Amino acid sequence: MTYGPIDFIALKFKGNKFKGDGLKALNDLMKKKIVRVIDLVIISKDKEGKMTVKEIQEPDPEFIAIFDPTKVKGTHGMIKKDDIEMIAAELENNSTAALMLFENLWAINFKEAIMEAKGEQLMFARIPHELVLEALEDLEKA
């Protein structure tokens with residue numbers, strides 16, 4: 001079985017008023033079979049620094065209303081305790097973090113074609129959005 005590229009992302013949200021707009025967009029990507037969520041963990045710290053960790057297999061009703069965890073198939077626990085603790089240590093009080101492992105399904109056919117042609121990846125880099133904007137601004141000035 002061929003897998004698409006798998007990414008880990010950790011996002012921070014100030015305040016604990018997580019409305020779930022990102023989860024709605026994620027659901028849309030999953031329905032369109034662009035990505036497959038492998039694991040998802042939500043970490044929250046209240047104003048006093050008390051931490052709550054919710055793994056995808058134990059969501060609260062508000063979470064389920066936005067994102068159906070049953071669409072994540074049998075891979076819970078791939079985000080390890082060390083990863084959770086590392087992000088939680090950096091998280092400020094009164095904030096939330098979402099940790100997610102996801103597979104890029106859109107890339108599977110391309111990857112299979114490259115493999116079939118005996119191609120090899122020489123390099124991979126993700127360019128941060130800020131750097132792209134900076135480069136575009138520089139091009140406009142030139």
# chains A, B, ... in the order shown; residues from 1 in each chain; ligands from 1
call {"tool": "residues_around", "arguments": {"residues": "segment 78-93 of chain A", "least_positions_apart": "4", "cutoff": "6 Å", "atoms": "only C-alpha atoms", "output": "list in words"}}
result
Lys45, Asp46, Lys47 and Gly49 of chain A
call {"tool": "select_by_dssp", "arguments": {"residues": "chain A", "states": "strand (DSSP E or B)", "output": "PyMOL selection string"}}
result
chain A and resi 6-14+35-45+51-55+95-104
call {"tool": "write_last_selection", "arguments": {"atoms": "N, CA and C atoms", "output": "mmCIF file, in the first residue's frame"}}
result
data_model
loop_
_atom_site.group_PDB
_atom_site.id
_atom_site.type_symbol
_atom_site.label_atom_id
_atom_site.label_comp_id
_atom_site.auth_asym_id
_atom_site.auth_seq_id
_atom_site.Cartn_x
_atom_site.Cartn_y
_atom_site.Cartn_z
ATOM 1 N N ILE A 6 3.295 12.335 4.878
ATOM 2 C CA ILE A 6 2.653 12.522 6.184
ATOM 3 C C ILE A 6 3.309 13.701 6.880
ATOM 4 N N ASP A 7 2.481 14.621 7.346
ATOM 5 C CA ASP A 7 2.951 15.835 8.000
ATOM 6 C C ASP A 7 2.486 15.880 9.450
ATOM 7 N N PHE A 8 3.306 16.494 10.279
ATOM 8 C CA PHE A 8 2.936 16.814 11.657
ATOM 9 C C PHE A 8 2.857 18.332 11.749
ATOM 10 N N ILE A 9 1.802 18.822 12.363
ATOM 11 C CA ILE A 9 1.646 20.260 12.540
ATOM 12 C C ILE A 9 1.155 20.525 13.956
ATOM 13 N N ALA A 10 1.674 21.582 14.556
ATOM 14 C CA ALA A 10 1.206 22.043 15.872
ATOM 15 C C ALA A 10 0.801 23.498 15.702
ATOM 16 N N LEU A 11 -0.428 23.808 16.041
ATOM 17 C CA LEU A 11 -0.970 25.154 15.905
ATOM 18 C C LEU A 11 -1.331 25.698 17.272
ATOM 19 N N LYS A 12 -1.101 26.992 17.482
ATOM 20 C CA LYS A 12 -1.423 27.623 18.766
ATOM 21 C C LYS A 12 -2.527 28.647 18.544
ATOM 22 N N PHE A 13 -3.479 28.679 19.480
ATOM 23 C CA PHE A 13 -4.586 29.630 19.444
ATOM 24 C C PHE A 13 -4.623 30.374 20.766
ATOM 25 N N LYS A 14 -4.548 31.700 20.719
ATOM 26 C CA LYS A 14 -4.621 32.490 21.946
ATOM 27 C C LYS A 14 -6.051 32.474 22.469
ATOM 28 N N VAL A 35 -6.893 15.034 2.345
ATOM 29 C CA VAL A 35 -6.061 14.601 3.465
ATOM 30 C C VAL A 35 -6.798 13.534 4.268
ATOM 31 N N ARG A 36 -6.019 12.785 5.025
ATOM 32 C CA ARG A 36 -6.570 11.830 5.992
ATOM 33 C C ARG A 36 -5.901 12.130 7.322
ATOM 34 N N VAL A 37 -6.710 12.402 8.330
ATOM 35 C CA VAL A 37 -6.162 12.664 9.659
ATOM 36 C C VAL A 37 -5.747 11.337 10.267
ATOM 37 N N ILE A 38 -4.514 11.297 10.735
ATOM 38 C CA ILE A 38 -3.978 10.094 11.361
ATOM 39 C C ILE A 38 -4.133 10.182 12.871
ATOM 40 N N ASP A 39 -3.849 11.352 13.426
ATOM 41 C CA ASP A 39 -4.005 11.547 14.872
ATOM 42 C C ASP A 39 -4.206 13.033 15.125
ATOM 43 N N LEU A 40 -4.930 13.335 16.200
ATOM 44 C CA LEU A 40 -5.231 14.717 16.554
ATOM 45 C C LEU A 40 -5.330 14.828 18.074
ATOM 46 N N VAL A 41 -4.625 15.820 18.622
ATOM 47 C CA VAL A 41 -4.634 16.060 20.065
ATOM 48 C C VAL A 41 -4.858 17.549 20.284
ATOM 49 N N ILE A 42 -5.745 17.880 21.221
ATOM 50 C CA ILE A 42 -6.005 19.272 21.591
ATOM 51 C C ILE A 42 -5.498 19.474 23.021
ATOM 52 N N ILE A 43 -4.649 20.488 23.206
ATOM 53 C CA ILE A 43 -4.124 20.826 24.536
ATOM 54 C C ILE A 43 -4.652 22.212 24.888
ATOM 55 N N SER A 44 -5.207 22.351 26.078
ATOM 56 C CA SER A 44 -5.679 23.659 26.547
ATOM 57 C C SER A 44 -5.069 23.966 27.900
ATOM 58 N N LYS A 45 -4.731 25.239 28.092
ATOM 59 C CA LYS A 45 -4.310 25.719 29.411
ATOM 60 C C LYS A 45 -5.240 26.855 29.788
ATOM 61 N N MET A 51 -3.726 22.392 32.766
ATOM 62 C CA MET A 51 -3.716 21.844 31.416
ATOM 63 C C MET A 51 -4.734 20.723 31.256
ATOM 64 N N THR A 52 -5.370 20.712 30.086
ATOM 65 C CA THR A 52 -6.278 19.641 29.691
ATOM 66 C C THR A 52 -5.814 19.116 28.342
ATOM 67 N N VAL A 53 -5.723 17.813 28.219
ATOM 68 C CA VAL A 53 -5.327 17.185 26.954
ATOM 69 C C VAL A 53 -6.477 16.295 26.509
ATOM 70 N N LYS A 54 -6.927 16.520 25.282
ATOM 71 C CA LYS A 54 -7.993 15.691 24.704
ATOM 72 C C LYS A 54 -7.444 15.023 23.458
ATOM 73 N N GLU A 55 -7.436 13.712 23.473
ATOM 74 C CA GLU A 55 -7.024 12.986 22.286
ATOM 75 C C GLU A 55 -8.269 12.706 21.462
ATOM 76 N N SER A 95 -4.530 29.520 26.545
ATOM 77 C CA SER A 95 -4.360 29.261 25.117
ATOM 78 C C SER A 95 -4.594 27.775 24.827
ATOM 79 N N THR A 96 -4.716 27.479 23.551
ATOM 80 C CA THR A 96 -5.005 26.124 23.096
ATOM 81 C C THR A 96 -4.036 25.769 21.979
ATOM 82 N N ALA A 97 -3.654 24.504 21.913
ATOM 83 C CA ALA A 97 -2.833 24.012 20.814
ATOM 84 C C ALA A 97 -3.513 22.794 20.203
ATOM 85 N N ALA A 98 -3.396 22.674 18.900
ATOM 86 C CA ALA A 98 -3.882 21.499 18.190
ATOM 87 C C ALA A 98 -2.675 20.832 17.549
ATOM 88 N N LEU A 99 -2.477 19.552 17.835
ATOM 89 C CA LEU A 99 -1.388 18.771 17.263
ATOM 90 C C LEU A 99 -2.013 17.760 16.324
ATOM 91 N N MET A 100 -1.520 17.696 15.109
ATOM 92 C CA MET A 100 -2.155 16.812 14.135
ATOM 93 C C MET A 100 -1.115 16.149 13.238
ATOM 94 N N LEU A 101 -1.356 14.890 12.982
ATOM 95 C CA LEU A 101 -0.608 14.115 12.010
ATOM 96 C C LEU A 101 -1.588 13.821 10.876
ATOM 97 N N PHE A 102 -1.223 14.173 9.637
ATOM 98 C CA PHE A 102 -2.140 13.913 8.539
ATOM 99 C C PHE A 102 -1.401 13.452 7.295
ATOM 100 N N GLU A 103 -2.107 12.625 6.530
ATOM 101 C CA GLU A 103 -1.565 12.098 5.277
ATOM 102 C C GLU A 103 -2.128 12.918 4.124
ATOM 103 N N ASN A 104 -1.266 13.284 3.199
ATOM 104 C CA ASN A 104 -1.663 14.030 2.002
ATOM 105 C C ASN A 104 -2.106 13.041 0.924
#
call {"tool": "atom_distance", "arguments": {"atom1": "atom CA of Trp106 of chain A", "atom2": "atom CA of Gly77 of chain A"}}
result
23.8 Å
call {"tool": "residues_around", "arguments": {"residues": "Phe110 of chain A", "least_positions_apart": "6", "cutoff": "12 Å", "atoms": "only C-alpha atoms", "output": "list in words"}}
result
Thr2, Tyr3, Gly4, Pro5, Asn104, Glu116, Ala117 and Gly119 of chain A
call {"tool": "atom_distance", "arguments": {"atom1": "atom CA of Lys141 of chain A", "atom2": "atom CA of Ile127 of chain A"}}
result
20.7 Å
call {"tool": "atom_distance", "arguments": {"atom1": "atom CA of Ile56 of chain A", "atom2": "atom CA of Pro128 of chain A"}}
result
27.2 Å
call {"tool": "closest_residue", "arguments": {"among": "A:Phe124, A:Met1, A:Ala25, A:Leu136", "to": "Glu112 of chain A", "atoms": "only C-alpha atoms"}}
result
A:Met1
call {"tool": "decode", "arguments": {"residues": "segment 10-42 of chain A", "atoms": "N, CA and C atoms", "output": "short mmCIF file (atom, residue, chain, number, x, y, z; two decimals), in the first residue's frame"}}
result
data_model
loop_
_atom_site.label_atom_id
_atom_site.label_comp_id
_atom_site.auth_asym_id
_atom_site.auth_seq_id
_atom_site.Cartn_x
_atom_site.Cartn_y
_atom_site.Cartn_z
N ALA A 10 1.67 21.58 14.56
CA ALA A 10 1.21 22.04 15.87
C ALA A 10 0.80 23.50 15.70
N LEU A 11 -0.43 23.81 16.04
CA LEU A 11 -0.97 25.15 15.91
C LEU A 11 -1.33 25.70 17.27
N LYS A 12 -1.10 26.99 17.48
CA LYS A 12 -1.42 27.62 18.77
C LYS A 12 -2.53 28.65 18.54
N PHE A 13 -3.48 28.68 19.48
CA PHE A 13 -4.59 29.63 19.44
C PHE A 13 -4.62 30.37 20.77
N LYS A 14 -4.55 31.70 20.72
CA LYS A 14 -4.62 32.49 21.95
C LYS A 14 -6.05 32.47 22.47
N GLY A 15 -6.16 32.41 23.78
CA GLY A 15 -7.48 32.31 24.39
C GLY A 15 -8.00 30.90 24.27
N ASN A 16 -9.01 30.60 25.00
CA ASN A 16 -9.60 29.26 24.95
C ASN A 16 -11.01 29.31 24.37
N LYS A 17 -11.17 30.17 23.39
CA LYS A 17 -12.46 30.27 22.70
C LYS A 17 -12.33 29.62 21.34
N PHE A 18 -11.94 28.38 21.35
CA PHE A 18 -11.71 27.62 20.13
C PHE A 18 -13.05 27.36 19.46
N LYS A 19 -13.30 28.04 18.34
CA LYS A 19 -14.60 27.95 17.69
C LYS A 19 -14.70 26.80 16.71
N GLY A 20 -13.58 26.27 16.29
CA GLY A 20 -13.61 25.10 15.42
C GLY A 20 -13.70 25.38 13.94
N ASP A 21 -13.48 26.63 13.52
CA ASP A 21 -13.53 26.93 12.09
C ASP A 21 -12.50 26.10 11.33
N GLY A 22 -11.34 25.93 11.92
CA GLY A 22 -10.31 25.11 11.30
C GLY A 22 -10.74 23.65 11.17
N LEU A 23 -11.46 23.15 12.17
CA LEU A 23 -11.94 21.77 12.10
C LEU A 23 -12.98 21.60 11.00
N LYS A 24 -13.80 22.62 10.78
CA LYS A 24 -14.78 22.55 9.68
C LYS A 24 -14.06 22.47 8.35
N ALA A 25 -13.01 23.28 8.18
CA ALA A 25 -12.23 23.25 6.94
C ALA A 25 -11.52 21.90 6.80
N LEU A 26 -11.03 21.35 7.91
CA LEU A 26 -10.37 20.04 7.89
C LEU A 26 -11.36 18.96 7.48
N ASN A 27 -12.57 19.01 8.03
CA ASN A 27 -13.62 18.07 7.63
C ASN A 27 -13.84 18.11 6.13
N ASP A 28 -13.86 19.32 5.57
CA ASP A 28 -14.07 19.49 4.13
C ASP A 28 -12.94 18.82 3.34
N LEU A 29 -11.70 19.01 3.79
CA LEU A 29 -10.55 18.38 3.13
C LEU A 29 -10.65 16.86 3.20
N MET A 30 -11.14 16.35 4.33
CA MET A 30 -11.29 14.90 4.48
C MET A 30 -12.39 14.37 3.57
N LYS A 31 -13.51 15.08 3.50
CA LYS A 31 -14.61 14.63 2.63
C LYS A 31 -14.18 14.59 1.17
N LYS A 32 -13.34 15.54 0.78
CA LYS A 32 -12.85 15.60 -0.60
C LYS A 32 -11.67 14.65 -0.84
N LYS A 33 -11.28 13.92 0.20
CA LYS A 33 -10.17 12.96 0.15
C LYS A 33 -8.86 13.62 -0.28
N ILE A 34 -8.65 14.82 0.24
CA ILE A 34 -7.40 15.53 0.01
C ILE A 34 -6.40 15.16 1.11
N VAL A 35 -6.89 15.03 2.34
CA VAL A 35 -6.06 14.60 3.46
C VAL A 35 -6.80 13.53 4.27
N ARG A 36 -6.02 12.79 5.02
CA ARG A 36 -6.57 11.83 5.99
C ARG A 36 -5.90 12.13 7.32
N VAL A 37 -6.71 12.40 8.33
CA VAL A 37 -6.16 12.66 9.66
C VAL A 37 -5.75 11.34 10.27
N ILE A 38 -4.51 11.30 10.73
CA ILE A 38 -3.98 10.09 11.36
C ILE A 38 -4.13 10.18 12.87
N ASP A 39 -3.85 11.35 13.43
CA ASP A 39 -4.01 11.55 14.87
C ASP A 39 -4.21 13.03 15.13
N LEU A 40 -4.93 13.34 16.20
CA LEU A 40 -5.23 14.72 16.55
C LEU A 40 -5.33 14.83 18.07
N VAL A 41 -4.62 15.82 18.62
CA VAL A 41 -4.63 16.06 20.06
C VAL A 41 -4.86 17.55 20.28
N ILE A 42 -5.75 17.88 21.22
CA ILE A 42 -6.00 19.27 21.59
C ILE A 42 -5.50 19.47 23.02
#
